[in-house]
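Undergrad: See coords.cif below, with mmCIF, C-alpha atoms.
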data_start
#
loop_
_atom_site.label_atom_id
_atom_site.label_comp_id
_atom_site.auth_asym_id
_atom_site.auth_seq_id
_atom_site.Cartn_x
_atom_site.Cartn_y
_atom_site.Cartn_z
CA MET A 17 -8.60 -22.90 -16.94
CA LYS A 18 -5.39 -21.94 -18.74
CA ARG A 19 -3.20 -19.63 -16.67
CA SER A 20 -1.76 -16.38 -18.00
CA ILE A 21 1.96 -15.66 -18.18
CA PRO A 22 1.87 -13.52 -14.98
CA ALA A 23 0.10 -16.35 -13.19
CA LEU A 24 2.75 -18.83 -14.27
CA VAL A 25 5.42 -16.41 -13.09
CA ALA A 26 3.80 -16.23 -9.65
CA ALA A 27 3.54 -20.02 -9.48
CA ALA A 28 7.22 -20.32 -10.37
CA LEU A 29 8.09 -17.84 -7.63
CA VAL A 30 6.46 -19.89 -4.92
CA ALA A 31 7.92 -23.13 -6.24
CA ALA A 32 11.39 -21.63 -6.07
CA THR A 33 10.99 -20.39 -2.50
CA LEU A 34 9.19 -23.20 -0.68
CA THR A 35 12.02 -23.36 1.85
CA THR A 36 11.90 -19.64 2.61
CA SER A 37 11.39 -18.95 6.31
CA THR A 38 9.63 -15.86 7.64
CA ALA A 39 9.16 -14.32 11.04
CA SER A 40 5.67 -14.85 12.38
CA ALA A 41 3.39 -13.65 15.11
CA THR A 42 2.63 -15.73 18.17
CA PRO A 43 0.12 -18.21 16.73
CA VAL A 44 -3.40 -18.76 17.97
CA ARG A 45 -3.84 -22.54 18.07
CA HIS A 46 -7.26 -24.15 17.87
CA PRO A 47 -7.87 -27.64 19.27
CA LYS A 48 -10.61 -28.38 16.75
CA PRO A 49 -10.18 -28.65 12.97
CA VAL A 50 -13.26 -26.48 12.38
CA VAL A 51 -14.43 -23.28 14.12
CA THR A 52 -17.58 -21.17 13.92
CA CYS A 53 -17.18 -17.60 12.66
CA GLU A 54 -19.45 -14.60 13.17
CA PHE A 55 -19.97 -12.41 10.11
CA THR A 56 -22.23 -9.41 10.72
CA PRO A 57 -23.85 -7.45 7.87
CA THR A 58 -23.07 -3.72 7.69
CA PRO A 59 -26.04 -2.16 5.87
CA GLU A 60 -24.60 1.28 6.58
CA ASN A 61 -21.59 0.20 4.50
CA PRO A 62 -22.96 -2.04 1.74
CA ALA A 63 -20.74 -4.26 -0.37
CA ALA A 64 -18.63 -2.40 -2.91
CA LYS A 65 -18.71 -5.46 -5.18
CA PRO A 66 -21.23 -8.31 -5.40
CA VAL A 67 -20.25 -10.78 -2.67
CA ARG A 68 -22.15 -13.00 -0.26
CA ILE A 69 -21.42 -13.33 3.44
CA PRO A 70 -19.10 -16.33 3.96
CA SER A 71 -20.34 -19.53 5.53
CA ALA A 72 -20.01 -19.65 9.33
CA LYS A 73 -17.79 -22.75 9.42
CA ALA A 74 -14.06 -22.35 8.86
CA ARG A 75 -11.18 -24.78 8.76
CA ALA A 76 -8.69 -24.24 11.58
CA LYS A 77 -5.79 -26.31 10.29
CA GLY A 78 -3.42 -26.12 7.35
CA THR A 79 -2.25 -23.34 5.07
CA VAL A 80 -3.37 -21.86 1.78
CA ASP A 81 -1.23 -20.01 -0.77
CA VAL A 82 -2.68 -16.86 -2.32
CA PHE A 83 -1.19 -15.58 -5.58
CA PHE A 84 -1.28 -11.91 -6.59
CA VAL A 85 -0.42 -10.34 -9.94
CA THR A 86 0.14 -6.55 -9.88
CA ASN A 87 1.46 -3.95 -12.28
CA TYR A 88 4.73 -4.06 -10.30
CA GLY A 89 5.05 -7.83 -10.45
CA PRO A 90 3.69 -10.93 -8.68
CA PHE A 91 3.87 -12.03 -5.07
CA VAL A 92 2.65 -15.02 -3.07
CA VAL A 93 1.26 -15.12 0.48
CA ARG A 94 1.08 -18.26 2.60
CA MET A 95 -1.87 -17.93 4.98
CA ASP A 96 -2.14 -19.89 8.23
CA ARG A 97 -5.61 -21.22 9.01
CA ALA A 98 -4.56 -22.26 12.53
CA ASN A 99 -3.61 -18.70 13.44
CA ALA A 100 -6.64 -16.94 11.92
CA PRO A 101 -9.21 -19.48 10.72
CA CYS A 102 -12.04 -16.98 10.23
CA GLY A 103 -9.74 -14.39 8.69
CA VAL A 104 -8.22 -16.81 6.20
CA HIS A 105 -11.65 -18.31 5.47
CA ASN A 106 -12.93 -14.82 4.67
CA PHE A 107 -9.94 -13.88 2.53
CA VAL A 108 -10.21 -17.04 0.42
CA HIS A 109 -13.95 -16.42 0.08
CA LEU A 110 -13.27 -12.91 -1.25
CA VAL A 111 -10.60 -14.23 -3.59
CA LYS A 112 -12.99 -16.83 -5.00
CA SER A 113 -15.62 -14.08 -5.37
CA ARG A 114 -13.05 -12.06 -7.40
CA PHE A 115 -13.44 -9.20 -4.95
CA TYR A 116 -9.78 -8.20 -5.20
CA ASP A 117 -9.44 -8.56 -8.97
CA SER A 118 -8.95 -5.31 -10.90
CA THR A 119 -8.58 -3.17 -7.76
CA GLN A 120 -6.18 -0.48 -6.61
CA CYS A 121 -4.07 -0.10 -3.46
CA PHE A 122 -4.60 3.45 -2.26
CA ARG A 123 -2.11 3.81 0.59
CA LEU A 124 1.66 3.32 0.73
CA THR A 125 3.75 4.32 3.74
CA ASN A 126 7.48 4.42 4.33
CA SER A 127 7.98 6.35 7.57
CA ALA A 128 10.21 5.65 10.55
CA ARG A 129 7.21 4.01 12.28
CA LEU A 130 5.32 2.32 9.48
CA GLY A 131 6.22 0.75 6.16
CA VAL A 132 3.17 -0.91 4.61
CA LEU A 133 1.08 -1.19 1.48
CA GLN A 134 -2.67 -1.04 2.19
CA CYS A 135 -5.08 -2.73 -0.20
CA GLY A 136 -8.60 -4.15 -0.27
CA ASP A 137 -10.48 -0.84 -0.20
CA ILE A 138 -12.47 -0.75 -3.44
CA TYR A 139 -13.38 2.95 -3.64
CA ARG A 140 -10.57 4.74 -1.85
CA GLN A 141 -8.53 4.44 1.36
CA GLU A 142 -10.71 2.77 4.03
CA GLU A 143 -13.85 2.94 1.86
CA GLY A 144 -15.45 0.11 -0.07
CA GLY A 145 -15.69 -3.13 1.89
CA PRO A 146 -17.59 -6.41 1.46
CA GLY A 147 -20.78 -5.37 3.27
CA TYR A 148 -20.04 -7.23 6.51
CA LYS A 149 -17.53 -7.34 9.37
CA PHE A 150 -16.11 -9.94 11.74
CA PRO A 151 -14.09 -10.09 15.00
CA ASP A 152 -10.33 -9.90 15.42
CA GLU A 153 -8.18 -12.99 15.97
CA VAL A 154 -5.31 -11.68 18.08
CA THR A 155 -3.41 -12.75 21.18
CA GLY A 156 -1.91 -9.36 22.10
CA GLN A 157 1.55 -10.72 21.27
CA GLU A 158 1.47 -10.05 17.53
CA THR A 159 4.45 -8.49 15.76
CA TYR A 160 4.58 -7.27 12.18
CA PRO A 161 8.01 -7.77 10.58
CA ARG A 162 8.78 -7.45 6.87
CA GLY A 163 6.57 -9.71 4.80
CA THR A 164 3.68 -9.87 7.28
CA VAL A 165 0.18 -9.75 5.82
CA ALA A 166 -2.61 -8.68 8.19
CA TYR A 167 -6.11 -7.26 8.16
CA GLY A 168 -6.51 -3.53 8.48
CA ASN A 169 -9.43 -2.20 10.50
CA GLN A 170 -11.15 0.91 11.81
CA GLY A 171 -11.37 -0.36 15.38
CA PRO A 172 -11.97 -3.66 17.19
CA GLY A 173 -14.12 -6.17 15.34
CA THR A 174 -14.29 -4.27 12.05
CA ASN A 175 -12.39 -6.64 9.76
CA GLY A 176 -13.69 -6.92 6.22
CA SER A 177 -11.65 -6.80 3.02
CA GLU A 178 -8.93 -4.28 3.89
CA PHE A 179 -5.45 -5.75 4.39
CA PHE A 180 -1.86 -4.57 4.51
CA VAL A 181 1.53 -5.98 3.61
CA VAL A 182 4.59 -4.90 5.62
CA HIS A 183 7.42 -4.03 3.22
CA SER A 184 9.88 -2.92 5.93
CA PHE A 185 8.51 -2.95 9.48
CA ALA A 186 5.42 -1.84 11.39
CA ASN A 187 5.83 -0.53 14.92
CA ILE A 188 2.15 -0.77 15.77
CA ALA A 189 -0.01 -2.17 18.57
CA PRO A 190 -0.94 -5.88 18.32
CA ASN A 191 -4.47 -5.10 17.20
CA TYR A 192 -4.37 -6.53 13.69
CA THR A 193 -5.13 -10.12 12.74
CA VAL A 194 -2.15 -11.77 11.05
CA LEU A 195 -3.14 -13.80 8.01
CA GLY A 196 0.29 -15.01 6.98
CA HIS A 197 3.50 -13.95 5.27
CA VAL A 198 4.84 -13.26 1.82
CA ILE A 199 6.86 -16.29 0.74
CA ALA A 200 7.80 -15.03 -2.73
CA GLY A 201 7.96 -11.67 -4.47
CA MET A 202 9.09 -9.17 -1.81
CA SER A 203 11.05 -7.43 -4.55
CA THR A 204 7.67 -6.38 -5.96
CA PHE A 205 7.15 -4.20 -2.87
CA ASP A 206 10.66 -2.81 -3.09
CA ARG A 207 9.82 -1.57 -6.59
CA MET A 208 6.60 0.00 -5.34
CA VAL A 209 8.43 1.91 -2.61
CA ALA A 210 11.19 2.99 -4.99
CA ALA A 211 8.56 4.51 -7.31
CA GLY A 212 7.64 6.98 -4.56
CA ILE A 213 4.79 8.24 -2.41
CA ALA A 214 2.77 11.35 -3.27
CA ASP A 215 2.97 12.78 0.24
CA PRO A 216 5.84 14.60 2.03
CA ASP A 217 5.15 12.57 5.17
CA GLN A 218 5.60 9.34 3.21
CA ASP A 219 2.08 8.19 4.02
CA GLY A 220 -0.44 8.46 1.22
CA PRO A 221 -1.17 7.45 -2.35
CA PRO A 222 1.70 6.04 -4.43
CA VAL A 223 3.09 8.29 -7.15
CA LYS A 224 2.22 5.66 -9.73
CA PRO A 225 -1.03 3.75 -9.10
CA ILE A 226 -0.58 0.25 -7.68
CA ARG A 227 -3.04 -2.10 -9.32
CA ILE A 228 -3.96 -5.68 -8.46
CA TYR A 229 -4.83 -7.43 -11.69
CA LYS A 230 -5.68 -10.91 -10.47
CA VAL A 231 -5.75 -12.95 -7.25
CA TRP A 232 -6.29 -16.69 -6.82
CA SER A 233 -5.65 -19.34 -4.17
CA ARG A 234 -4.71 -22.98 -4.00
#
Would you mind writing the file's structure down as structure tokens?
TA:
Amino acid sequence: MKRSIPALVAAALVAATLTTSTASATPVRHPKPVVTCEFTPTPENPAAKPVRIPSAKARAKGTVDVFFVTNYGPFVVRMDRANAPCGVHNFVHLVKSRFYDSTQCFRLTNSARLGVLQCGDIYRQEEGGPGYKFPDEVTGQETYPRGTVAYGNQGPGTNGSEFFVVHSFANIAPNYTVLGHVIAGMSTFDRMVAAGIADPDQDGPPVKPIRIYKVWSR
């Protein structure tokens, strides 16, 4: 399939920054190349978009790059299957199901404690998931420096489609599964923050909507 201009821009970004290093959480290492994941349907919260529950088997080695095109510019995330095999497996599944395409990020924060962009909620903040949940993959030693990408949740074992990107820092408990780190396009988040937040506490909807046009992986 022929790629659009924004897609080519995102590909060029990652090619230009392959040597970029990022801070990471303490990894969870798996001795086997494949693990079994537990995805539990949530009939009380049905899928906001048509999507099947992922297969139970997930690769536990290697990385995958996920490309995003937004109305503020592109960015690229390198996800670590060894650290969060079920989480990365799920994210790639949602990407291939086009779950994140043509969606909106409803929460942007820039407080002394928390500087993140929250996405993956289809209807509104913390509403509109994939119709299932799965357990956390954490060690209790996780940190969330600038560029970290992790799952958001509403309590232990409630991962689904919601995720956040740290644009500054996140002084939060190590309760959130780290998927990987932005390896290209952090300036996209700087532009989002500069555009402002529609809340005096700097925790709420962005002044100008933040839209994800397209997501793909390779």
Undergrad: Taking only C-alpha atoms into account, name the residue in A:Gly131, A:Gly89, A:Gly168, A:Gly201 that is nearest to A:Ala186.
TA: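 Checking each candidate against A:Ala186, we get A:Gly131 as the closest.
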Undergrad: For atom CA of A:Phe150 and atom CA of A:Arg123, quote the distance in Å rounded to one decimal.
TA: 22.6 Å
Undergrad: Once the PyMOL selection byres ((chain A and resi 187) around 7) has been applied to the shown file, what residues remain in the selection, as a ChimeraX atom specification?
TA: /A:129-130,185-186,188
Undergrad: For atom CA of A:Tyr167 and atom CA of A:Leu195, determine how far apart the two atoms are, in Å to one decimal place.
TA: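 Spanning atom CA of A:Tyr167 to atom CA of A:Leu195 is a straight-line distance of 7.2 Å.
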Undergrad: To one decimal place in Å, what is the distance between atom CA of A:Thr86 and atom CA of A:Val104?
TA: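 We find that atom CA of A:Thr86 and atom CA of A:Val104 lie 20.8 Å from each other.
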Undergrad: List the spatial neighbours of A:Asp206 as an MDAnalysis selection string - criterion: any atom at most 10 Å away, all atoms listed in the file, same-chain residues fewer than 3 positions off excluded.
TA: chainID A and resid 88 183:184 201:203 209:211
Undergrad: Using the chain letters and numbering of this document, enumerate as a VMD selection string the residues selected by the PyMOL selection byres ((chain A and resi 231-234) around 8).
TA: chain A and resid 80 to 85 108 111 to 112 114 116 to 117 228 to 230
Undergrad: May I have the residues within 9 Å of A:Pro225 as an mmCIF file with C-alpha atoms, keeping the file's coordinate frame, using all atoms listed in the file and disregarding those fewer than 2 positions away in the same chain?
TA:
data_model
loop_
_atom_site.group_PDB
_atom_site.id
_atom_site.type_symbol
_atom_site.label_atom_id
_atom_site.label_comp_id
_atom_site.auth_asym_id
_atom_site.auth_seq_id
_atom_site.Cartn_x
_atom_site.Cartn_y
_atom_site.Cartn_z
ATOM 1 C CA ASN A 87 1.460 -3.950 -12.280
ATOM 2 C CA GLN A 120 -6.180 -0.480 -6.610
ATOM 3 C CA CYS A 121 -4.070 -0.100 -3.460
ATOM 4 C CA PHE A 122 -4.600 3.450 -2.260
ATOM 5 C CA PRO A 221 -1.170 7.450 -2.350
ATOM 6 C CA PRO A 222 1.700 6.040 -4.430
ATOM 7 C CA VAL A 223 3.090 8.290 -7.150
ATOM 8 C CA ARG A 227 -3.040 -2.100 -9.320
#
Undergrad: Step by step: start from the point (-5.1, -27.4, 10.1) in the file's coordinates, keep every protein, DNA or RNA residue that has an atom no farther than 8 Å from it, count all atoms listed in the file, and write the set as a ChimeraX atom specification.
TA: /A:49,75-79,97-98
Undergrad: Could you add N, CA and C atoms to stretch 201-231 of chain A and give me the result as a PDB file, keeping the file's coordinate frame?
TA:
ATOM      1  N   GLY A 201       8.309 -12.922  -3.803  1.00  0.00           N
ATOM      2  CA  GLY A 201       7.960 -11.670  -4.470  1.00  0.00           C
ATOM      3  C   GLY A 201       8.104 -10.411  -3.636  1.00  0.00           C
ATOM      4  N   MET A 202       8.922 -10.413  -2.585  1.00  0.00           N
ATOM      5  CA  MET A 202       9.090  -9.170  -1.810  1.00  0.00           C
ATOM      6  C   MET A 202       9.738  -8.075  -2.652  1.00  0.00           C
ATOM      7  N   SER A 203      10.459  -8.442  -3.680  1.00  0.00           N
ATOM      8  CA  SER A 203      11.050  -7.430  -4.550  1.00  0.00           C
ATOM      9  C   SER A 203       9.986  -6.591  -5.246  1.00  0.00           C
ATOM     10  N   THR A 204       8.791  -7.144  -5.403  1.00  0.00           N
ATOM     11  CA  THR A 204       7.670  -6.380  -5.960  1.00  0.00           C
ATOM     12  C   THR A 204       7.385  -5.153  -5.104  1.00  0.00           C
ATOM     13  N   PHE A 205       7.416  -5.325  -3.775  1.00  0.00           N
ATOM     14  CA  PHE A 205       7.150  -4.200  -2.870  1.00  0.00           C
ATOM     15  C   PHE A 205       8.310  -3.212  -2.852  1.00  0.00           C
ATOM     16  N   ASP A 206       9.512  -3.708  -3.014  1.00  0.00           N
ATOM     17  CA  ASP A 206      10.660  -2.810  -3.090  1.00  0.00           C
ATOM     18  C   ASP A 206      10.528  -1.876  -4.296  1.00  0.00           C
ATOM     19  N   ARG A 207      10.036  -2.400  -5.402  1.00  0.00           N
ATOM     20  CA  ARG A 207       9.820  -1.570  -6.590  1.00  0.00           C
ATOM     21  C   ARG A 207       8.718  -0.545  -6.347  1.00  0.00           C
ATOM     22  N   MET A 208       7.673  -0.932  -5.654  1.00  0.00           N
ATOM     23  CA  MET A 208       6.600   0.000  -5.340  1.00  0.00           C
ATOM     24  C   MET A 208       7.113   1.171  -4.508  1.00  0.00           C
ATOM     25  N   VAL A 209       7.896   0.869  -3.480  1.00  0.00           N
ATOM     26  CA  VAL A 209       8.430   1.910  -2.610  1.00  0.00           C
ATOM     27  C   VAL A 209       9.387   2.815  -3.376  1.00  0.00           C
ATOM     28  N   ALA A 210      10.222   2.209  -4.219  1.00  0.00           N
ATOM     29  CA  ALA A 210      11.190   2.990  -4.990  1.00  0.00           C
ATOM     30  C   ALA A 210      10.506   3.966  -5.943  1.00  0.00           C
ATOM     31  N   ALA A 211       9.292   3.639  -6.387  1.00  0.00           N
ATOM     32  CA  ALA A 211       8.560   4.510  -7.310  1.00  0.00           C
ATOM     33  C   ALA A 211       8.040   5.772  -6.631  1.00  0.00           C
ATOM     34  N   GLY A 212       7.968   5.766  -5.290  1.00  0.00           N
ATOM     35  CA  GLY A 212       7.640   6.980  -4.560  1.00  0.00           C
ATOM     36  C   GLY A 212       6.226   7.067  -4.039  1.00  0.00           C
ATOM     37  N   ILE A 213       6.065   7.982  -3.061  1.00  0.00           N
ATOM     38  CA  ILE A 213       4.790   8.240  -2.410  1.00  0.00           C
ATOM     39  C   ILE A 213       4.437   9.709  -2.585  1.00  0.00           C
ATOM     40  N   ALA A 214       3.198   9.980  -2.970  1.00  0.00           N
ATOM     41  CA  ALA A 214       2.770  11.350  -3.270  1.00  0.00           C
ATOM     42  C   ALA A 214       2.352  12.072  -1.992  1.00  0.00           C
ATOM     43  N   ASP A 215       3.244  12.099  -1.022  1.00  0.00           N
ATOM     44  CA  ASP A 215       2.970  12.780   0.240  1.00  0.00           C
ATOM     45  C   ASP A 215       4.301  13.051   0.932  1.00  0.00           C
ATOM     46  N   PRO A 216       4.543  14.285   1.386  1.00  0.00           N
ATOM     47  CA  PRO A 216       5.840  14.600   2.030  1.00  0.00           C
ATOM     48  C   PRO A 216       6.080  13.825   3.316  1.00  0.00           C
ATOM     49  N   ASP A 217       5.000  13.364   3.953  1.00  0.00           N
ATOM     50  CA  ASP A 217       5.150  12.570   5.170  1.00  0.00           C
ATOM     51  C   ASP A 217       5.332  11.088   4.893  1.00  0.00           C
ATOM     52  N   GLN A 218       5.416  10.735   3.619  1.00  0.00           N
ATOM     53  CA  GLN A 218       5.600   9.340   3.210  1.00  0.00           C
ATOM     54  C   GLN A 218       4.478   8.431   3.715  1.00  0.00           C
ATOM     55  N   ASP A 219       3.265   8.951   3.628  1.00  0.00           N
ATOM     56  CA  ASP A 219       2.080   8.190   4.020  1.00  0.00           C
ATOM     57  C   ASP A 219       0.898   8.703   3.199  1.00  0.00           C
ATOM     58  N   GLY A 220       0.632   8.004   2.091  1.00  0.00           N
ATOM     59  CA  GLY A 220      -0.440   8.460   1.220  1.00  0.00           C
ATOM     60  C   GLY A 220      -0.485   7.645  -0.052  1.00  0.00           C
ATOM     61  N   PRO A 221      -1.068   8.199  -1.105  1.00  0.00           N
ATOM     62  CA  PRO A 221      -1.170   7.450  -2.350  1.00  0.00           C
ATOM     63  C   PRO A 221       0.199   7.307  -3.024  1.00  0.00           C
ATOM     64  N   PRO A 222       0.447   6.188  -3.686  1.00  0.00           N
ATOM     65  CA  PRO A 222       1.700   6.040  -4.430  1.00  0.00           C
ATOM     66  C   PRO A 222       1.741   6.996  -5.615  1.00  0.00           C
ATOM     67  N   VAL A 223       2.939   7.391  -6.005  1.00  0.00           N
ATOM     68  CA  VAL A 223       3.090   8.290  -7.150  1.00  0.00           C
ATOM     69  C   VAL A 223       2.484   7.651  -8.400  1.00  0.00           C
ATOM     70  N   LYS A 224       2.802   6.410  -8.625  1.00  0.00           N
ATOM     71  CA  LYS A 224       2.220   5.660  -9.730  1.00  0.00           C
ATOM     72  C   LYS A 224       1.215   4.676  -9.152  1.00  0.00           C
ATOM     73  N   PRO A 225      -0.022   4.641  -9.664  1.00  0.00           N
ATOM     74  CA  PRO A 225      -1.030   3.750  -9.100  1.00  0.00           C
ATOM     75  C   PRO A 225      -0.544   2.304  -8.994  1.00  0.00           C
ATOM     76  N   ILE A 226      -0.887   1.662  -7.898  1.00  0.00           N
ATOM     77  CA  ILE A 226      -0.580   0.250  -7.680  1.00  0.00           C
ATOM     78  C   ILE A 226      -1.858  -0.537  -7.911  1.00  0.00           C
ATOM     79  N   ARG A 227      -1.836  -1.381  -8.921  1.00  0.00           N
ATOM     80  CA  ARG A 227      -3.040  -2.100  -9.320  1.00  0.00           C
ATOM     81  C   ARG A 227      -2.872  -3.607  -9.131  1.00  0.00           C
ATOM     82  N   ILE A 228      -3.900  -4.223  -8.556  1.00  0.00           N
ATOM     83  CA  ILE A 228      -3.960  -5.680  -8.460  1.00  0.00           C
ATOM     84  C   ILE A 228      -4.783  -6.173  -9.644  1.00  0.00           C
ATOM     85  N   TYR A 229      -4.140  -6.935 -10.508  1.00  0.00           N
ATOM     86  CA  TYR A 229      -4.830  -7.430 -11.690  1.00  0.00           C
ATOM     87  C   TYR A 229      -5.660  -8.680 -11.380  1.00  0.00           C
ATOM     88  N   LYS A 230      -5.035  -9.613 -10.668  1.00  0.00           N
ATOM     89  CA  LYS A 230      -5.680 -10.910 -10.470  1.00  0.00           C
ATOM     90  C   LYS A 230      -5.179 -11.538  -9.173  1.00  0.00           C
ATOM     91  N   VAL A 231      -6.089 -12.220  -8.470  1.00  0.00           N
ATOM     92  CA  VAL A 231      -5.750 -12.950  -7.250  1.00  0.00           C
ATOM     93  C   VAL A 231      -6.431 -14.321  -7.312  1.00  0.00           C
TER      94      VAL A 231
END
